[in-house]
Amino acid sequence: MVAVFIFNMQFLWKYIDDIVGKGLELKIILELLFYQGLAMVPRALVFGVMIASVMTLGNLAEHYELVSMKSAGISLMRILAPLLVMVSFLAIASFIFSNNIIPVTALQFKTRLYDIRKQKPALDLEPGQFNNDFKNMVIYIGEKDRNSRKLKDVRIYDHSKQNGNSSQTNAREGELYFTEDKSRLVIELKQGQRYENLQLSSKGGPNVMPYMRTSFKEFKTVFDMSEFNFTETDKDLFRKHHSLLTSRQLKKAIDSILIRRDKRIVEMQQSCDNFYHFRKTIGPQKDSAKTVVKGPYSPKKAVSPISVNRFSDVFTTEERHSMYMRAQGFARNVKTQADNLYRNFPRYKEEVAAHENELHLKIIFSVACLLFLFIGAPMGAIIRKGGFGWPIFTSFSFFMGFFVLHLTGERLATGLVWPTWMGSWLPIWSLFPIAVLLTIMAMNDSRTLPLGFIKRLFRKKKTIS
């Protein structure tokens with residue numbers, strides 16, 4: 001719960017500008033935080049396992065209970081066995097949560113966040129400022145009585161004709177209020193004038209702009225408030241995103257991307273074959289003395305086989321020029337199609353990498369729970385501190401390192417710099433040696449690095465090589 005709270009605070013800090021000032025109901029904000037909290041459960045489990053393991057072994061070591069168990073002949077691995085069983089269940093639960101529950105909650109979260117981002121800010125008519133919250137309308141208020149609905153020096157500019165300021169309404173004073181159902185905003189103006197530009201007069205010339213001026217004692221302008229209402233977007237808009245798919249759906253999506261790529265290659269080949277096909281065949285006919293070639297480009301006279309050094313000599317200069325121009329056109333078409341296909345290839349690779357990375361992440365956070373048990377528990381036994389101070393500091397340090405490695409590996413994998421399996425699993429590969437070293441140190445009751453073990457390990461490697 002502590003980890004989920006921390007991640008939700010980080011989320012609020014990131015998206016606070018998109019939420020504040022839009023007149024959203026508390027229910028919508030709490031719903032968004034609830035979906036965000038569920039989406040953070042796998043990461044929170046990793047952080048929580050780290051804190052819990054450091055606190056548990058730290059308390060045991062601080063009160064010398066761990067020493068008593070070891071002196072009784074109980075090894076550290078046997079002490080960790082119940083924790084390992086518990087964390088194994090958490091790892092399985094994390095995978096099930098990532099695979100089945102998060103795609104549903106993430107879909108709700110993305111649609112809610114999209115609706116909030118496109119939501120207009122709450123209407124706020126401040127004195128001395130131009131307000132353009134309404135579509136194609138600008139409202140200016142000179143003075144506004146805070147204790148009543150009285151207004152002074154009101155100007156309303158109408159841009160609905162998409163022709164600049166085509167209509168303007170000015171009034172000395174007015175009133176502002178909502179209808180009973182809150183669906184309309186009414187501005188009742190008093191003692192004012194309305195100016196409206198008319199169409200250009202062809203007789204007056206281009207510099208003549210006729211307009212109509214109307215004076216009034218009372219004038220009501222009604223604004224529709226429906227554009228400020230919170231509307232829900234169709235969830236099918238995000239349903240195919242790779243972060244909203246289960247592992248089975250991700251595998252199908254990867255196959256679909258590869259099939260679509262191969263189909264595009266086949267279509268390219270078939271399209272290019274049409275440019276290399278001889279639709280009109282030139283068939284030679286021989287007689288005893290001379291060779292006459294018949295076809296669409298027939299030579300003007302029979303050519304002796306001895307005088308023809310190249311195939312193009314059979315045709316006239318005009319016919320050769322026409323054939324060369326046609327061949328150049330075919331070559332340009334083939335090159336254009338090949339360039340388009342070549343430019344689309346990285347997009348197919350990036351889509352496959354994004355889907356594969358998401359598939360790996362569902363397993364990585366589960367494995368990270370087990371990995372952080374073998375980091376946190378030995379660390380608690382080494383530092384011999386319980387409570388919330390050292391455990392939280394140590395857990396946060398290791399988790400931040402894990403998170404930075406996770407983001408770095410994800411960028412390298414989705415950016416096609418590294419293979420997906422290498423980039424996605426970078427935090428696991430990086431922290432696994434640390435977990436092994438800490439476990440060895442805790443088993444040997446050592447607070448320094450096991451340099452002898454490391455030297456023996458490298459000696460064995462050198463002997464093997």
# chains A, B, ... in the order shown; residues from 1 in each chain; ligands from 1
>>> closest_atom_pairs(of="region 357-386 of chain A", to="region 89-107 of chain A", cutoff="8 Å", atoms="only C-alpha atoms", output="Markdown table")
| residue | atom | partner | partner_atom | distance |
| --- | --- | --- | --- | --- |
| A:Lys362 | CA | A:Ser98 | CA | 5.6 |
| A:Ile363 | CA | A:Phe95 | CA | 6.2 |
| A:Phe365 | CA | A:Ser94 | CA | 7.3 |
| A:Ser366 | CA | A:Ala91 | CA | 4.4 |
| A:Val367 | CA | A:Ala91 | CA | 6.7 |
| A:Cys369 | CA | A:Ala91 | CA | 5.9 |
| A:Leu370 | CA | A:Ala91 | CA | 7.1 |
>>> closest_residue(among="A:Leu33, A:Asn444, A:Phe275, A:Phe315", to="Gly329 (chain A)", atoms="only C-alpha atoms")
A:Phe275
>>> residues_around(residues="region 417-428 of chain A", least_positions_apart="6", cutoff="7 Å", atoms="only C-alpha atoms", output="CSV table (one decimal) with N, CA and C atoms, in the first residue's frame")
chain,number,residue,atom,x,y,z
A,353,ALA,N,8.9,-5.1,-31.8
A,353,ALA,CA,9.8,-4.9,-30.6
A,353,ALA,C,8.9,-4.4,-29.4
A,356,GLU,N,6.9,-7.4,-28.2
A,356,GLU,CA,7.7,-8.4,-27.5
A,356,GLU,C,8.2,-7.8,-26.2
A,357,ASN,N,8.5,-6.5,-26.1
A,357,ASN,CA,8.9,-5.9,-24.8
A,357,ASN,C,7.8,-6.0,-23.8
A,360,HIS,N,7.6,-9.5,-22.5
A,360,HIS,CA,8.6,-9.8,-21.5
A,360,HIS,C,8.3,-9.1,-20.2
A,364,ILE,N,9.0,-10.2,-16.3
A,364,ILE,CA,10.1,-9.6,-15.6
A,364,ILE,C,9.7,-9.2,-14.2
A,368,ALA,N,11.3,-10.4,-10.8
A,368,ALA,CA,12.0,-9.3,-10.0
A,368,ALA,C,11.5,-9.5,-8.5
A,402,PHE,N,16.9,-0.4,-10.2
A,402,PHE,CA,16.1,-1.3,-11.0
A,402,PHE,C,15.3,-0.6,-12.0
A,405,LEU,N,17.4,1.0,-14.8
A,405,LEU,CA,17.8,0.0,-15.7
A,405,LEU,C,16.7,-0.5,-16.6
A,406,HIS,N,15.5,-0.6,-16.0
A,406,HIS,CA,14.3,-1.0,-16.7
A,406,HIS,C,14.0,0.0,-17.8
A,409,GLY,N,16.8,-0.2,-20.6
A,409,GLY,CA,16.7,-1.4,-21.4
A,409,GLY,C,15.4,-1.4,-22.3
A,410,GLU,N,14.4,-0.8,-21.8
A,410,GLU,CA,13.2,-0.7,-22.6
A,410,GLU,C,13.4,0.3,-23.8
>>> residues_around(residues="region 433-437 of chain A", least_positions_apart="3", cutoff="9 Å", atoms="only C-alpha atoms", output="list in words")
Leu371, Phe372, Leu373, Phe374, Ile375, Gly376, Pro378, Trp429, Ser430, Ile440, Met441, Ala442, Leu449 and Pro450 of chain A
>>> closest_residue(among="A:Met1, A:Leu12, A:Leu341, A:Glu25", to="Lys263 (chain A)", atoms="only C-alpha atoms")
A:Leu341
>>> atom_distance(atom1="CA of Leu438 (chain A)", atom2="CA of Phe7 (chain A)")
27.5 Å
>>> residues_around(residues="His63 (chain A)", least_positions_apart="4", cutoff="12 Å", atoms="only C-alpha atoms", output="list in words")
Thr56, Leu57, Gly58, Asn59, Val67, Ser68, Met69, Ala381, Arg384, Lys385, Gly386 and Gly387 of chain A
>>> closest_residue(among="A:Met50, A:Leu412, A:Val154, A:Ile28", to="Thr111 (chain A)", atoms="only C-alpha atoms")
A:Ile28
